[in-house]
Amino acid sequence: MHALFDRNWKGLGIDLTPVSLPRVGVRMFSCVGCFWVLLSSALVAVCSFSFISPAWIVKEQLKNKDSVSFGLLWHCSESQDHMYRCYTFGGLGKFQEIPSSSWQTSAVLCSGGCALLAVSSLLAIITIFLPSGACERRICTLAGYMQMASVVIMASGLLVYPFGLSSSLVKSFCGDSDIYYAGECQIGWGYMLAIVGVMLTLFLPFFAKYAPKEQLSPTPLPTLL
């Protein structure tokens, strides 16, 4: 019966032989890779914004006293008439005048971690335009290692920063402050934003592992009979 049916179709010039497409690599966008690129770029922005923020240590406005805030490179004050003024420590280009060696170390570590994260984010963007293969996997692996290193470096900078609370400048505004104790001051949103950014950056190396695009091989067309 099948043989007769096949002869009838062949008589009409139709070949029922199963057809398979050639096994070729298909260039596509990986969903994990795209998410990795977006998250990396967003965390670079978060890291940079928290780095220049003047609100790492904050003292709220009290009676007859101005509010004060400190960052890695800035200190700001708000007077009773709501005039807000910000200054760099010692002026631009005078890094040695940052009031604490701990803050100097923290500034170097945090800026270095941000720079490393920015470079890894650029590598992640490059992988989007690369075809799947060994080169793409190597770049993803390299970017993942760089992001892990940036986590360690920035986390070290955040741990070192509270040692500067014992400096004479901070004591003059925050009272009896000491290492990991802010006295009359409190942790500001800039420092908390930096902590959240480092915690989210910890997930980037995991996404980097699964970011490479897969090698797709189309399945053969199903047999009609």
# chains A, B, ... in the order shown; residues from 1 in each chain; ligands from 1
>>> residues_around(residues="Val108 in chain A", least_positions_apart="6", cutoff="12 Å", atoms="only C-alpha atoms", output="MDAnalysis selection string")
chainID A and resid 51 72:73 95:96 98 101:102 114:115 153:154 156:158 160:161
>>> residues_around(residues="Pro212 in chain A", least_positions_apart="5", cutoff="8 Å", atoms="only C-alpha atoms", output="ChimeraX atom specification")
/A:30,33,127,132,136-137,140
>>> residues_around(residues="Tyr210 in chain A", least_positions_apart="2", cutoff="12 Å", atoms="only C-alpha atoms", output="mmCIF file with N, CA, C and O atoms, in the first residue's frame")
data_model
loop_
_atom_site.group_PDB
_atom_site.id
_atom_site.type_symbol
_atom_site.label_atom_id
_atom_site.label_comp_id
_atom_site.auth_asym_id
_atom_site.auth_seq_id
_atom_site.Cartn_x
_atom_site.Cartn_y
_atom_site.Cartn_z
ATOM 1 N N SER A 30 21.863 36.168 22.758
ATOM 2 C CA SER A 30 21.542 35.368 23.924
ATOM 3 C C SER A 30 20.778 36.225 24.935
ATOM 4 O O SER A 30 21.174 37.355 25.226
ATOM 5 N N CYS A 31 19.689 35.679 25.463
ATOM 6 C CA CYS A 31 18.896 36.425 26.453
ATOM 7 C C CYS A 31 19.724 36.692 27.708
ATOM 8 O O CYS A 31 19.696 37.798 28.258
ATOM 9 N N VAL A 32 20.471 35.680 28.151
ATOM 10 C CA VAL A 32 21.324 35.857 29.323
ATOM 11 C C VAL A 32 22.411 36.888 29.031
ATOM 12 O O VAL A 32 22.734 37.740 29.865
ATOM 13 N N GLY A 33 22.972 36.834 27.820
ATOM 14 C CA GLY A 33 24.006 37.787 27.451
ATOM 15 C C GLY A 33 23.501 39.218 27.426
ATOM 16 O O GLY A 33 24.186 40.134 27.894
ATOM 17 N N CYS A 34 22.301 39.416 26.869
ATOM 18 C CA CYS A 34 21.731 40.766 26.832
ATOM 19 C C CYS A 34 21.465 41.288 28.238
ATOM 20 O O CYS A 34 21.732 42.457 28.538
ATOM 21 N N PHE A 35 20.932 40.420 29.103
ATOM 22 C CA PHE A 35 20.682 40.834 30.485
ATOM 23 C C PHE A 35 21.999 41.158 31.187
ATOM 24 O O PHE A 35 22.084 42.114 31.968
ATOM 25 N N TRP A 36 23.021 40.365 30.912
ATOM 26 C CA TRP A 36 24.354 40.597 31.493
ATOM 27 C C TRP A 36 24.902 41.952 31.074
ATOM 28 O O TRP A 36 25.437 42.702 31.901
ATOM 29 N N GLU A 136 34.429 34.398 21.537
ATOM 30 C CA GLU A 136 33.380 34.972 22.378
ATOM 31 C C GLU A 136 33.446 34.406 23.796
ATOM 32 O O GLU A 136 33.321 35.144 24.777
ATOM 33 N N ARG A 137 33.664 33.109 23.903
ATOM 34 C CA ARG A 137 33.728 32.487 25.233
ATOM 35 C C ARG A 137 34.919 33.015 26.032
ATOM 36 O O ARG A 137 34.817 33.236 27.240
ATOM 37 N N CYS A 140 34.067 36.539 27.293
ATOM 38 C CA CYS A 140 33.105 36.453 28.404
ATOM 39 C C CYS A 140 33.795 35.996 29.679
ATOM 40 O O CYS A 140 33.518 36.516 30.769
ATOM 41 N N THR A 141 34.694 35.020 29.557
ATOM 42 C CA THR A 141 35.423 34.538 30.731
ATOM 43 C C THR A 141 36.308 35.634 31.308
ATOM 44 O O THR A 141 36.359 35.835 32.532
ATOM 45 N N GLY A 144 34.214 38.174 33.059
ATOM 46 C CA GLY A 144 33.732 37.640 34.329
ATOM 47 C C GLY A 144 34.776 37.711 35.429
ATOM 48 O O GLY A 144 34.478 38.077 36.568
ATOM 49 N N PHE A 203 26.804 39.149 41.187
ATOM 50 C CA PHE A 203 26.097 38.214 40.316
ATOM 51 C C PHE A 203 26.612 38.247 38.877
ATOM 52 O O PHE A 203 26.305 37.339 38.096
ATOM 53 N N LEU A 204 27.355 39.276 38.505
ATOM 54 C CA LEU A 204 27.787 39.418 37.114
ATOM 55 C C LEU A 204 28.672 38.265 36.629
ATOM 56 O O LEU A 204 28.482 37.790 35.503
ATOM 57 N N PRO A 205 29.655 37.792 37.411
ATOM 58 C CA PRO A 205 30.458 36.658 36.921
ATOM 59 C C PRO A 205 29.626 35.411 36.644
ATOM 60 O O PRO A 205 29.955 34.630 35.744
ATOM 61 N N PHE A 206 28.551 35.205 37.397
ATOM 62 C CA PHE A 206 27.672 34.060 37.152
ATOM 63 C C PHE A 206 26.978 34.191 35.797
ATOM 64 O O PHE A 206 26.912 33.232 35.020
ATOM 65 N N PHE A 207 26.473 35.403 35.497
ATOM 66 C CA PHE A 207 25.832 35.613 34.197
ATOM 67 C C PHE A 207 26.851 35.539 33.064
ATOM 68 O O PHE A 207 26.516 35.113 31.950
ATOM 69 N N ALA A 208 28.092 35.952 33.327
ATOM 70 C CA ALA A 208 29.122 35.893 32.294
ATOM 71 C C ALA A 208 29.387 34.457 31.856
ATOM 72 O O ALA A 208 29.724 34.207 30.696
ATOM 73 N N PRO A 212 27.629 33.390 26.635
ATOM 74 C CA PRO A 212 27.927 33.076 25.232
ATOM 75 C C PRO A 212 26.723 32.513 24.501
ATOM 76 O O PRO A 212 25.925 31.744 25.064
ATOM 77 N N LYS A 213 26.607 32.882 23.236
ATOM 78 C CA LYS A 213 25.507 32.412 22.404
ATOM 79 C C LYS A 213 25.682 30.939 22.096
ATOM 80 O O LYS A 213 26.790 30.450 21.913
ATOM 81 N N GLU A 214 24.580 30.237 21.982
ATOM 82 C CA GLU A 214 24.626 28.803 21.729
ATOM 83 C C GLU A 214 24.793 28.531 20.239
ATOM 84 O O GLU A 214 24.399 29.326 19.389
#
>>> select_by_dssp(residues="range 27-149 of chain A", states="helix (DSSP H, G or I)", output="mmCIF file with N, CA, C and O atoms, in the first residue's frame")
data_model
loop_
_atom_site.group_PDB
_atom_site.id
_atom_site.type_symbol
_atom_site.label_atom_id
_atom_site.label_comp_id
_atom_site.auth_asym_id
_atom_site.auth_seq_id
_atom_site.Cartn_x
_atom_site.Cartn_y
_atom_site.Cartn_z
ATOM 1 N N CYS A 31 19.689 35.679 25.463
ATOM 2 C CA CYS A 31 18.896 36.425 26.453
ATOM 3 C C CYS A 31 19.724 36.692 27.708
ATOM 4 O O CYS A 31 19.696 37.798 28.258
ATOM 5 N N VAL A 32 20.471 35.680 28.151
ATOM 6 C CA VAL A 32 21.324 35.857 29.323
ATOM 7 C C VAL A 32 22.411 36.888 29.031
ATOM 8 O O VAL A 32 22.734 37.740 29.865
ATOM 9 N N GLY A 33 22.972 36.834 27.820
ATOM 10 C CA GLY A 33 24.006 37.787 27.451
ATOM 11 C C GLY A 33 23.501 39.218 27.426
ATOM 12 O O GLY A 33 24.186 40.134 27.894
ATOM 13 N N CYS A 34 22.301 39.416 26.869
ATOM 14 C CA CYS A 34 21.731 40.766 26.832
ATOM 15 C C CYS A 34 21.465 41.288 28.238
ATOM 16 O O CYS A 34 21.732 42.457 28.538
ATOM 17 N N PHE A 35 20.932 40.420 29.103
ATOM 18 C CA PHE A 35 20.682 40.834 30.485
ATOM 19 C C PHE A 35 21.999 41.158 31.187
ATOM 20 O O PHE A 35 22.084 42.114 31.968
ATOM 21 N N TRP A 36 23.021 40.365 30.912
ATOM 22 C CA TRP A 36 24.354 40.597 31.493
ATOM 23 C C TRP A 36 24.902 41.952 31.074
ATOM 24 O O TRP A 36 25.437 42.702 31.901
ATOM 25 N N VAL A 37 24.748 42.288 29.803
ATOM 26 C CA VAL A 37 25.236 43.576 29.303
ATOM 27 C C VAL A 37 24.473 44.727 29.950
ATOM 28 O O VAL A 37 25.066 45.720 30.393
ATOM 29 N N LEU A 38 23.152 44.619 30.023
ATOM 30 C CA LEU A 38 22.336 45.687 30.609
ATOM 31 C C LEU A 38 22.661 45.879 32.089
ATOM 32 O O LEU A 38 22.805 47.017 32.569
ATOM 33 N N LEU A 39 22.783 44.775 32.820
ATOM 34 C CA LEU A 39 23.082 44.877 34.253
ATOM 35 C C LEU A 39 24.486 45.439 34.474
ATOM 36 O O LEU A 39 24.695 46.261 35.380
ATOM 37 N N SER A 40 25.442 45.025 33.644
ATOM 38 C CA SER A 40 26.800 45.543 33.771
ATOM 39 C C SER A 40 26.829 47.054 33.542
ATOM 40 O O SER A 40 27.461 47.802 34.307
ATOM 41 N N SER A 41 26.143 47.507 32.508
ATOM 42 C CA SER A 41 26.125 48.938 32.205
ATOM 43 C C SER A 41 25.435 49.723 33.310
ATOM 44 O O SER A 41 25.892 50.809 33.699
ATOM 45 N N ALA A 42 24.327 49.170 33.844
ATOM 46 C CA ALA A 42 23.609 49.858 34.917
ATOM 47 C C ALA A 42 24.463 49.959 36.177
ATOM 48 O O ALA A 42 24.472 50.993 36.858
ATOM 49 N N LEU A 43 25.218 48.917 36.482
ATOM 50 C CA LEU A 43 26.038 48.926 37.694
ATOM 51 C C LEU A 43 27.245 49.847 37.548
ATOM 52 O O LEU A 43 27.731 50.388 38.545
ATOM 53 N N VAL A 44 27.730 50.033 36.322
ATOM 54 C CA VAL A 44 28.788 51.033 36.110
ATOM 55 C C VAL A 44 28.257 52.424 36.448
ATOM 56 O O VAL A 44 28.937 53.233 37.096
ATOM 57 N N ALA A 45 27.014 52.704 36.021
ATOM 58 C CA ALA A 45 26.406 54.000 36.333
ATOM 59 C C ALA A 45 26.193 54.158 37.841
ATOM 60 O O ALA A 45 26.459 55.223 38.414
ATOM 61 N N VAL A 46 25.715 53.097 38.500
ATOM 62 C CA VAL A 46 25.502 53.143 39.956
ATOM 63 C C VAL A 46 26.826 53.365 40.683
ATOM 64 O O VAL A 46 26.919 54.179 41.616
ATOM 65 N N CYS A 47 27.849 52.639 40.250
ATOM 66 C CA CYS A 47 29.173 52.767 40.885
ATOM 67 C C CYS A 47 29.713 54.184 40.725
ATOM 68 O O CYS A 47 30.204 54.779 41.688
ATOM 69 N N SER A 48 29.624 54.732 39.517
ATOM 70 C CA SER A 48 30.152 56.082 39.271
ATOM 71 C C SER A 48 29.379 57.134 40.061
ATOM 72 O O SER A 48 29.966 58.060 40.626
ATOM 73 N N PHE A 49 28.049 56.979 40.117
ATOM 74 C CA PHE A 49 27.220 57.949 40.815
ATOM 75 C C PHE A 49 27.487 57.923 42.314
ATOM 76 O O PHE A 49 27.576 58.976 42.963
ATOM 77 N N SER A 50 27.631 56.730 42.873
ATOM 78 C CA SER A 50 27.925 56.638 44.311
ATOM 79 C C SER A 50 29.332 57.137 44.625
ATOM 80 O O SER A 50 29.573 57.701 45.696
ATOM 81 N N PHE A 51 30.258 56.960 43.680
ATOM 82 C CA PHE A 51 31.637 57.396 43.906
ATOM 83 C C PHE A 51 31.729 58.913 44.044
ATOM 84 O O PHE A 51 32.476 59.430 44.876
ATOM 85 N N ILE A 52 30.973 59.647 43.232
ATOM 86 C CA ILE A 52 31.025 61.108 43.288
ATOM 87 C C ILE A 52 29.996 61.689 44.248
ATOM 88 O O ILE A 52 29.928 62.909 44.428
ATOM 89 N N PHE A 95 45.025 65.380 46.068
ATOM 90 C CA PHE A 95 44.521 64.143 46.652
ATOM 91 C C PHE A 95 45.057 63.934 48.061
ATOM 92 O O PHE A 95 44.356 63.388 48.920
ATOM 93 N N GLN A 96 46.286 64.352 48.321
ATOM 94 C CA GLN A 96 46.894 64.128 49.624
ATOM 95 C C GLN A 96 46.211 64.909 50.734
ATOM 96 O O GLN A 96 46.452 64.642 51.923
ATOM 97 N N GLU A 97 45.343 65.870 50.381
ATOM 98 C CA GLU A 97 44.669 66.665 51.402
ATOM 99 C C GLU A 97 43.316 66.081 51.828
ATOM 100 O O GLU A 97 42.598 66.693 52.598
ATOM 101 N N SER A 101 43.891 59.022 55.778
ATOM 102 C CA SER A 101 44.562 58.055 54.897
ATOM 103 C C SER A 101 43.632 56.899 54.540
ATOM 104 O O SER A 101 43.744 56.303 53.461
ATOM 105 N N SER A 102 42.700 56.591 55.442
ATOM 106 C CA SER A 102 41.714 55.545 55.148
ATOM 107 C C SER A 102 40.815 55.967 53.996
ATOM 108 O O SER A 102 40.491 55.146 53.117
ATOM 109 N N TRP A 103 40.411 57.233 53.975
ATOM 110 C CA TRP A 103 39.580 57.721 52.881
ATOM 111 C C TRP A 103 40.368 57.803 51.588
ATOM 112 O O TRP A 103 39.821 57.576 50.505
ATOM 113 N N GLN A 104 41.645 58.114 51.663
ATOM 114 C CA GLN A 104 42.482 58.101 50.467
ATOM 115 C C GLN A 104 42.568 56.690 49.886
ATOM 116 O O GLN A 104 42.420 56.494 48.674
ATOM 117 N N THR A 105 42.784 55.717 50.756
ATOM 118 C CA THR A 105 42.839 54.323 50.307
ATOM 119 C C THR A 105 41.503 53.887 49.723
ATOM 120 O O THR A 105 41.448 53.222 48.684
ATOM 121 N N SER A 106 40.422 54.262 50.401
ATOM 122 C CA SER A 106 39.088 53.906 49.918
ATOM 123 C C SER A 106 38.805 54.532 48.558
ATOM 124 O O SER A 106 38.212 53.887 47.676
ATOM 125 N N ALA A 107 39.234 55.775 48.367
ATOM 126 C CA ALA A 107 39.014 56.446 47.076
ATOM 127 C C ALA A 107 39.761 55.735 45.961
ATOM 128 O O ALA A 107 39.237 55.559 44.852
ATOM 129 N N VAL A 108 40.998 55.303 46.232
ATOM 130 C CA VAL A 108 41.780 54.587 45.218
ATOM 131 C C VAL A 108 41.142 53.247 44.882
ATOM 132 O O VAL A 108 40.993 52.876 43.703
ATOM 133 N N LEU A 109 40.731 52.517 45.909
ATOM 134 C CA LEU A 109 40.139 51.194 45.687
ATOM 135 C C LEU A 109 38.799 51.291 44.950
ATOM 136 O O LEU A 109 38.543 50.544 43.996
ATOM 137 N N CYS A 110 37.948 52.204 45.385
ATOM 138 C CA CYS A 110 36.626 52.326 44.758
ATOM 139 C C CYS A 110 36.732 52.820 43.318
ATOM 140 O O CYS A 110 36.031 52.320 42.427
ATOM 141 N N SER A 111 37.606 53.792 43.072
ATOM 142 C CA SER A 111 37.772 54.280 41.707
ATOM 143 C C SER A 111 38.393 53.209 40.816
ATOM 144 O O SER A 111 37.993 53.044 39.649
ATOM 145 N N GLY A 112 39.349 52.438 41.355
ATOM 146 C CA GLY A 112 39.944 51.352 40.585
ATOM 147 C C GLY A 112 38.934 50.262 40.272
ATOM 148 O O GLY A 112 38.906 49.731 39.159
ATOM 149 N N GLY A 113 38.100 49.923 41.258
ATOM 150 C CA GLY A 113 37.062 48.926 41.019
ATOM 151 C C GLY A 113 36.055 49.381 39.987
ATOM 152 O O GLY A 113 35.614 48.593 39.134
ATOM 153 N N CYS A 114 35.669 50.659 40.043
ATOM 154 C CA CYS A 114 34.735 51.203 39.050
ATOM 155 C C CYS A 114 35.334 51.176 37.646
ATOM 156 O O CYS A 114 34.654 50.857 36.667
ATOM 157 N N ALA A 115 36.619 51.535 37.546
ATOM 158 C CA ALA A 115 37.279 51.520 36.237
ATOM 159 C C ALA A 115 37.341 50.100 35.672
ATOM 160 O O ALA A 115 37.090 49.876 34.479
ATOM 161 N N LEU A 116 37.650 49.115 36.520
ATOM 162 C CA LEU A 116 37.702 47.722 36.081
ATOM 163 C C LEU A 116 36.322 47.236 35.654
ATOM 164 O O LEU A 116 36.173 46.509 34.662
ATOM 165 N N LEU A 117 35.299 47.651 36.389
ATOM 166 C CA LEU A 117 33.934 47.285 36.034
ATOM 167 C C LEU A 117 33.519 47.908 34.705
ATOM 168 O O LEU A 117 32.819 47.281 33.901
ATOM 169 N N ALA A 118 33.959 49.140 34.454
ATOM 170 C CA ALA A 118 33.638 49.801 33.190
ATOM 171 C C ALA A 118 34.283 49.086 32.004
ATOM 172 O O ALA A 118 33.664 48.913 30.949
ATOM 173 N N VAL A 119 35.543 48.651 32.166
ATOM 174 C CA VAL A 119 36.225 47.926 31.091
ATOM 175 C C VAL A 119 35.539 46.590 30.817
ATOM 176 O O VAL A 119 35.329 46.195 29.652
ATOM 177 N N SER A 120 35.153 45.881 31.879
ATOM 178 C CA SER A 120 34.453 44.604 31.693
ATOM 179 C C SER A 120 33.096 44.806 31.043
ATOM 180 O O SER A 120 32.654 43.965 30.251
ATOM 181 N N SER A 121 32.434 45.913 31.353
ATOM 182 C CA SER A 121 31.159 46.216 30.708
ATOM 183 C C SER A 121 31.348 46.459 29.219
ATOM 184 O O SER A 121 30.524 46.041 28.390
ATOM 185 N N LEU A 122 32.450 47.126 28.847
ATOM 186 C CA LEU A 122 32.752 47.344 27.432
ATOM 187 C C LEU A 122 33.009 46.017 26.720
ATOM 188 O O LEU A 122 32.538 45.800 25.582
ATOM 189 N N LEU A 123 33.720 45.103 27.373
ATOM 190 C CA LEU A 123 33.939 43.780 26.791
ATOM 191 C C LEU A 123 32.621 43.024 26.623
ATOM 192 O O LEU A 123 32.428 42.310 25.631
ATOM 193 N N ALA A 124 31.723 43.184 27.589
ATOM 194 C CA ALA A 124 30.414 42.529 27.489
ATOM 195 C C ALA A 124 29.631 43.047 26.289
ATOM 196 O O ALA A 124 28.967 42.278 25.588
ATOM 197 N N ILE A 125 29.705 44.339 26.034
ATOM 198 C CA ILE A 125 29.016 44.909 24.874
ATOM 199 C C ILE A 125 29.621 44.370 23.579
ATOM 200 O O ILE A 125 28.895 44.071 22.608
ATOM 201 N N ILE A 126 30.945 44.204 23.543
ATOM 202 C CA ILE A 126 31.602 43.687 22.342
ATOM 203 C C ILE A 126 31.132 42.275 22.018
ATOM 204 O O ILE A 126 30.969 41.907 20.837
ATOM 205 N N THR A 127 30.900 41.450 23.035
ATOM 206 C CA THR A 127 30.493 40.064 22.792
ATOM 207 C C THR A 127 29.150 39.963 22.078
ATOM 208 O O THR A 127 28.870 38.944 21.443
ATOM 209 N N ILE A 128 28.316 40.993 22.192
ATOM 210 C CA ILE A 128 27.015 40.950 21.504
ATOM 211 C C ILE A 128 27.204 40.863 19.998
ATOM 212 O O ILE A 128 26.444 40.192 19.288
ATOM 213 N N ALA A 134 34.887 30.222 20.097
ATOM 214 C CA ALA A 134 35.902 30.245 21.157
ATOM 215 C C ALA A 134 36.270 31.661 21.560
ATOM 216 O O ALA A 134 36.487 31.941 22.740
ATOM 217 N N CYS A 135 36.343 32.581 20.575
ATOM 218 C CA CYS A 135 36.717 33.963 20.887
ATOM 219 C C CYS A 135 35.696 34.618 21.810
ATOM 220 O O CYS A 135 36.058 35.285 22.782
ATOM 221 N N GLU A 136 34.429 34.398 21.537
ATOM 222 C CA GLU A 136 33.380 34.972 22.378
ATOM 223 C C GLU A 136 33.446 34.406 23.796
ATOM 224 O O GLU A 136 33.321 35.144 24.777
ATOM 225 N N ARG A 137 33.664 33.109 23.903
ATOM 226 C CA ARG A 137 33.728 32.487 25.233
ATOM 227 C C ARG A 137 34.919 33.015 26.032
ATOM 228 O O ARG A 137 34.817 33.236 27.240
ATOM 229 N N ARG A 138 36.060 33.228 25.350
ATOM 230 C CA ARG A 138 37.230 33.745 26.053
ATOM 231 C C ARG A 138 36.989 35.156 26.574
ATOM 232 O O ARG A 138 37.379 35.493 27.697
ATOM 233 N N ILE A 139 36.345 35.997 25.763
ATOM 234 C CA ILE A 139 36.079 37.373 26.199
ATOM 235 C C ILE A 139 35.086 37.390 27.352
ATOM 236 O O ILE A 139 35.244 38.160 28.311
ATOM 237 N N CYS A 140 34.067 36.539 27.293
ATOM 238 C CA CYS A 140 33.105 36.453 28.404
ATOM 239 C C CYS A 140 33.795 35.996 29.679
ATOM 240 O O CYS A 140 33.518 36.516 30.769
ATOM 241 N N THR A 141 34.694 35.020 29.557
ATOM 242 C CA THR A 141 35.423 34.538 30.731
ATOM 243 C C THR A 141 36.308 35.634 31.308
ATOM 244 O O THR A 141 36.359 35.835 32.532
ATOM 245 N N LEU A 142 37.014 36.356 30.428
ATOM 246 C CA LEU A 142 37.873 37.443 30.888
ATOM 247 C C LEU A 142 37.060 38.529 31.585
ATOM 248 O O LEU A 142 37.449 39.023 32.664
ATOM 249 N N ALA A 143 35.926 38.906 30.989
ATOM 250 C CA ALA A 143 35.073 39.930 31.606
ATOM 251 C C ALA A 143 34.546 39.458 32.951
ATOM 252 O O ALA A 143 34.454 40.247 33.906
ATOM 253 N N GLY A 144 34.214 38.174 33.059
ATOM 254 C CA GLY A 144 33.732 37.640 34.329
ATOM 255 C C GLY A 144 34.776 37.711 35.429
ATOM 256 O O GLY A 144 34.478 38.077 36.568
ATOM 257 N N TYR A 145 36.032 37.386 35.082
ATOM 258 C CA TYR A 145 37.109 37.487 36.065
ATOM 259 C C TYR A 145 37.343 38.948 36.472
ATOM 260 O O TYR A 145 37.610 39.240 37.652
ATOM 261 N N MET A 146 37.261 39.855 35.511
ATOM 262 C CA MET A 146 37.446 41.276 35.827
ATOM 263 C C MET A 146 36.340 41.771 36.753
ATOM 264 O O MET A 146 36.587 42.556 37.679
ATOM 265 N N GLN A 147 35.120 41.309 36.542
ATOM 266 C CA GLN A 147 34.012 41.726 37.393
ATOM 267 C C GLN A 147 34.146 41.153 38.796
ATOM 268 O O GLN A 147 33.806 41.819 39.782
ATOM 269 N N MET A 148 34.650 39.929 38.902
ATOM 270 C CA MET A 148 34.893 39.370 40.235
ATOM 271 C C MET A 148 35.982 40.157 40.956
ATOM 272 O O MET A 148 35.879 40.441 42.161
ATOM 273 N N ALA A 149 37.025 40.543 40.225
ATOM 274 C CA ALA A 149 38.092 41.339 40.837
ATOM 275 C C ALA A 149 37.577 42.708 41.272
ATOM 276 O O ALA A 149 37.960 43.218 42.330
#
>>> atom_distance(atom1="CA of Ser100 in chain A", atom2="CA of Lys59 in chain A")
18.4 Å
>>> closest_residue(among="A:Thr88, A:Ala211, A:Trp56, A:Phe163", to="Gly190 in chain A", atoms="only C-alpha atoms")
A:Trp56
>>> atom_distance(atom1="CA of Glu60 in chain A", atom2="CA of Ser167 in chain A")
19.4 Å
>>> atom_distance(atom1="CA of Ile179 in chain A", atom2="CA of Leu193 in chain A")
20.5 Å
>>> closest_residue(among="A:Gly183, A:Pro54, A:Gly188, A:Gly133", to="Leu165 in chain A", atoms="only C-alpha atoms")
A:Gly183
